[in-house]
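K.L.:
Have a look at the structure that comes next, please.
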Amino acid sequence: MKRVLRFLEAAFFTALSFPVAALPHKTALKAGEFLGLSIFYLWGSRRKIAIENIEKASINSRQPAVILAREVFKNMGRSFIEVIKIYYGLGKGLIEDVEIRGIENFQKAKAKNRGVIVITGHCGNWEMAAIVFGFKVDHIYGVARRQNNPYFHSFVGKLRATYGNRIIYKEGALKSILTVLKKGRNVGILMDQAVLKNEGYIIDFLGRPAWTTKMPALIARRTGAAVVPVFLHREGDGHVFTIYPEVELSNNEDDETAVIEDTKRFSGCIENYIKQHPTEWLWIHRRWKRT
């Protein structure tokens, strides 16, 4: 019965999503904004989380939290439309039009031949960011969790593998990550969600303590891989993909202190993005839970 329900969910999603994906770009983005606004007003629990998170965060915005939250949902709607356009093979122009900045930072890190750990967060259209990286920069292995619905899992898997990218699923991911980096390839990690106590440390994030994954720091110190932050943000109707310089690791002689310091540096890159583009981060996530 559960499988039938999941199939019906996927069928309903397909029936609604394809006609929207076929719309002209600007019209589709408007539809995405409308979708995002609808969710903002209908999904009260997540709207409340977003507003509370924004109110308590140190982002120095002059706009009221409710206005920022509304823009967050609109951005989510636009991002969703862009993703389904790419999935149905109608979004190549979107990817080709993305402006790349800082490509030399990646090339410098890649030249070390120790592999590259690409760190980012749920910023802008993060699904599209991975595809842009694979299409315009280099193929990448993204670390992700499996979807509960097998049909949506297939949808997301096909999307993420567009233009040569690969997926490493979180269950038992460490061995695969080490293998990929040993071959001098790239691994992408989103590191802005709350983790369990044994998976990270409590560090300051936007002025509040938050559990933050230590995995990128541990792997970087173990493998010698370069750590490079990347982010996608909107400019007008298009996007800019920025690759920042490699983050230098701590030289602290105490191993645990060094990992904590590295984690703070990596997380700080995401903080900076959010402060510059506050409506393009996933504020609906319970980032500061269990602290």
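Labels used: A, B, ... for chains in the order of the structure tokens, numbers from 1 for residues in each chain, and numbers from 1 for ligands as shown.
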Residues of range 37-156 of chain A in strand (DSSP E) according to DSSP, as a ChimeraX atom specification?
P.N.:
/A:99-101,116-120,141-144
K.L.:
Given the selection you just returned, output its residues as a file containing C-alpha atoms, formatted as an mmCIF file, in the first residue's frame.
P.N.:
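again37.cif was written with the following content:
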data_model
loop_
_atom_site.group_PDB
_atom_site.id
_atom_site.type_symbol
_atom_site.label_atom_id
_atom_site.label_comp_id
_atom_site.auth_asym_id
_atom_site.auth_seq_id
_atom_site.Cartn_x
_atom_site.Cartn_y
_atom_site.Cartn_z
ATOM 1 C CA GLU A 99 28.636 33.410 -14.900
ATOM 2 C CA ILE A 100 31.661 31.699 -13.319
ATOM 3 C CA ARG A 101 33.924 33.727 -11.049
ATOM 4 C CA VAL A 116 39.383 18.859 -3.734
ATOM 5 C CA ILE A 117 36.697 19.066 -1.058
ATOM 6 C CA VAL A 118 34.089 21.528 -2.286
ATOM 7 C CA ILE A 119 32.136 22.973 0.642
ATOM 8 C CA THR A 120 28.860 24.844 0.364
ATOM 9 C CA TYR A 141 30.892 13.502 -6.397
ATOM 10 C CA GLY A 142 28.150 14.964 -4.183
ATOM 11 C CA VAL A 143 27.432 13.554 -0.728
ATOM 12 C CA ALA A 144 23.671 13.198 -0.222
#
K.L.:
What's around range 261-263 of chain A at 10 Å? Count only C-alpha atoms, leave out sequence neighbours fewer than 6 positions away in its own chain, and write the answer as number ranges by chain.
P.N.:
A: 191, 200-203, 212-218, 220-221, 247-252, 255
K.L.:
Pull N, CA and C atoms from the residues just selected and write them as a short mmCIF file (atom, residue, chain, number, x, y, z; two decimals), in the first residue's frame.
P.N.:
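Below is the file that was written, part.cif:
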data_model
loop_
_atom_site.label_atom_id
_atom_site.label_comp_id
_atom_site.auth_asym_id
_atom_site.auth_seq_id
_atom_site.Cartn_x
_atom_site.Cartn_y
_atom_site.Cartn_z
N MET A 191 27.43 21.58 4.36
CA MET A 191 27.78 21.45 5.78
C MET A 191 27.06 22.45 6.67
N GLY A 200 29.86 16.10 15.18
CA GLY A 200 30.39 17.45 15.04
C GLY A 200 30.65 18.15 16.34
N TYR A 201 30.70 19.48 16.26
CA TYR A 201 30.97 20.32 17.43
C TYR A 201 29.94 21.46 17.45
N ILE A 202 29.74 22.02 18.64
CA ILE A 202 28.93 23.22 18.75
C ILE A 202 29.83 24.42 18.51
N ILE A 203 29.52 25.17 17.47
CA ILE A 203 30.27 26.39 17.17
C ILE A 203 29.28 27.52 16.93
N THR A 212 27.63 21.54 14.25
CA THR A 212 28.17 21.64 12.91
C THR A 212 29.04 20.44 12.59
N THR A 213 28.88 19.89 11.40
CA THR A 213 29.62 18.69 11.03
C THR A 213 31.14 18.93 11.02
N LYS A 214 31.85 17.95 11.53
CA LYS A 214 33.32 18.00 11.52
C LYS A 214 33.91 17.19 10.37
N MET A 215 33.06 16.55 9.56
CA MET A 215 33.54 15.65 8.53
C MET A 215 34.48 16.31 7.52
N PRO A 216 34.16 17.49 6.98
CA PRO A 216 35.10 18.08 6.01
C PRO A 216 36.48 18.33 6.60
N ALA A 217 36.53 18.80 7.85
CA ALA A 217 37.81 19.08 8.49
C ALA A 217 38.60 17.80 8.72
N LEU A 218 37.94 16.78 9.22
CA LEU A 218 38.62 15.51 9.47
C LEU A 218 39.19 14.92 8.18
N ALA A 220 39.84 16.47 5.33
CA ALA A 220 40.90 17.33 4.76
C ALA A 220 42.23 17.09 5.46
N ARG A 221 42.19 16.95 6.77
CA ARG A 221 43.44 16.75 7.52
C ARG A 221 44.00 15.35 7.28
N VAL A 247 40.70 27.28 1.56
CA VAL A 247 40.74 27.65 2.99
C VAL A 247 41.94 26.95 3.62
N GLU A 248 42.83 27.72 4.20
CA GLU A 248 44.00 27.15 4.85
C GLU A 248 43.60 26.45 6.15
N LEU A 249 44.18 25.28 6.38
CA LEU A 249 43.87 24.53 7.59
C LEU A 249 44.65 25.08 8.78
N SER A 250 44.12 24.83 9.97
CA SER A 250 44.76 25.27 11.21
C SER A 250 46.10 24.57 11.39
N ASN A 251 47.06 25.28 11.95
CA ASN A 251 48.36 24.67 12.28
C ASN A 251 48.50 24.39 13.77
N ASN A 252 47.37 24.38 14.47
CA ASN A 252 47.38 24.06 15.90
C ASN A 252 47.89 22.64 16.12
N ASP A 255 45.24 18.05 17.88
CA ASP A 255 44.40 17.57 16.77
C ASP A 255 42.95 18.03 16.87
#
K.L.:
Neighbours of Val66 in chain A within 12 Å (only C-alpha atoms; same-chain residues fewer than 5 positions away dropped), as a list in words?
P.N.:
Phe40, Tyr41, Arg47, Lys48, Ile49, Ala50, Ile51, Glu52, Asn53, Ile54, Glu55, Ser61, Glu71, Val72, Phe73, Thr279 and Trp283 of chain A
K.L.:
Which residue is closest to Ile95 in chain A? Choose from A:Gly115, A:Ala194, A:Ile243, A:Met128 and count only C-alpha atoms.
P.N.:
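Checking each of A:Gly115, A:Ala194, A:Ile243, A:Met128 against Ile95 in chain A, counting only C-alpha atoms, the winner is A:Met128.
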K.L.:
Name the residues in contact with Lys108 in chain A at a cut-off of 10 Å, using only C-alpha atoms, excluding same-chain residues fewer than 6 positions from it; report them as a JSON list (two decimals) with N, CA and C atoms, in the first residue's frame.
P.N.:
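Output file result.json follows:
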[["chain", "number", "residue", "atom", "x", "y", "z"],
["A", 226, "ALA", "N", 42.55, 19.79, -0.78],
["A", 226, "ALA", "CA", 42.26, 21.23, -0.68],
["A", 226, "ALA", "C", 40.78, 21.42, -0.40],
["A", 245, "PRO", "N", 38.94, 31.21, -2.82],
["A", 245, "PRO", "CA", 40.27, 30.61, -2.61],
["A", 245, "PRO", "C", 40.22, 29.47, -1.59],
["A", 246, "GLU", "N", 41.16, 28.57, -1.71],
["A", 246, "GLU", "CA", 41.29, 27.45, -0.78],
["A", 246, "GLU", "C", 41.38, 27.97, 0.66]]
K.L.:
Can you pull out the residues contacting range 149-160 of chain A? Cut-off 8 Å, using only C-alpha atoms, and skip same-chain residues under 2 positions away; I want them as a CSV table (one decimal) with C-alpha atoms, in the first residue's frame.
P.N.:
chain,number,residue,atom,x,y,z
A,6,ARG,CA,4.4,6.8,-3.2
A,7,PHE,CA,3.8,6.0,-6.9
A,10,ALA,CA,5.3,10.8,-8.0
A,83,VAL,CA,15.5,22.2,-11.2
A,86,ILE,CA,16.9,20.9,-16.0
A,87,TYR,CA,15.4,17.5,-15.1
A,127,GLU,CA,21.0,21.6,-6.7
A,130,ALA,CA,26.3,21.1,-8.4
A,131,ILE,CA,25.1,20.8,-12.0
A,146,ARG,CA,18.6,8.8,0.0
A,147,GLN,CA,15.0,10.0,-0.6
A,162,THR,CA,23.4,15.4,-15.1
A,165,ASN,CA,28.4,14.2,-11.7
A,166,ARG,CA,28.1,11.2,-9.3
A,167,ILE,CA,26.5,10.7,-5.9
K.L.:
For Phe135 in chain A, which residue among A:Gly93, A:Gly172, A:Gly238, A:Gly102 is the nearest when counting only C-alpha atoms?
P.N.:
A:Gly93
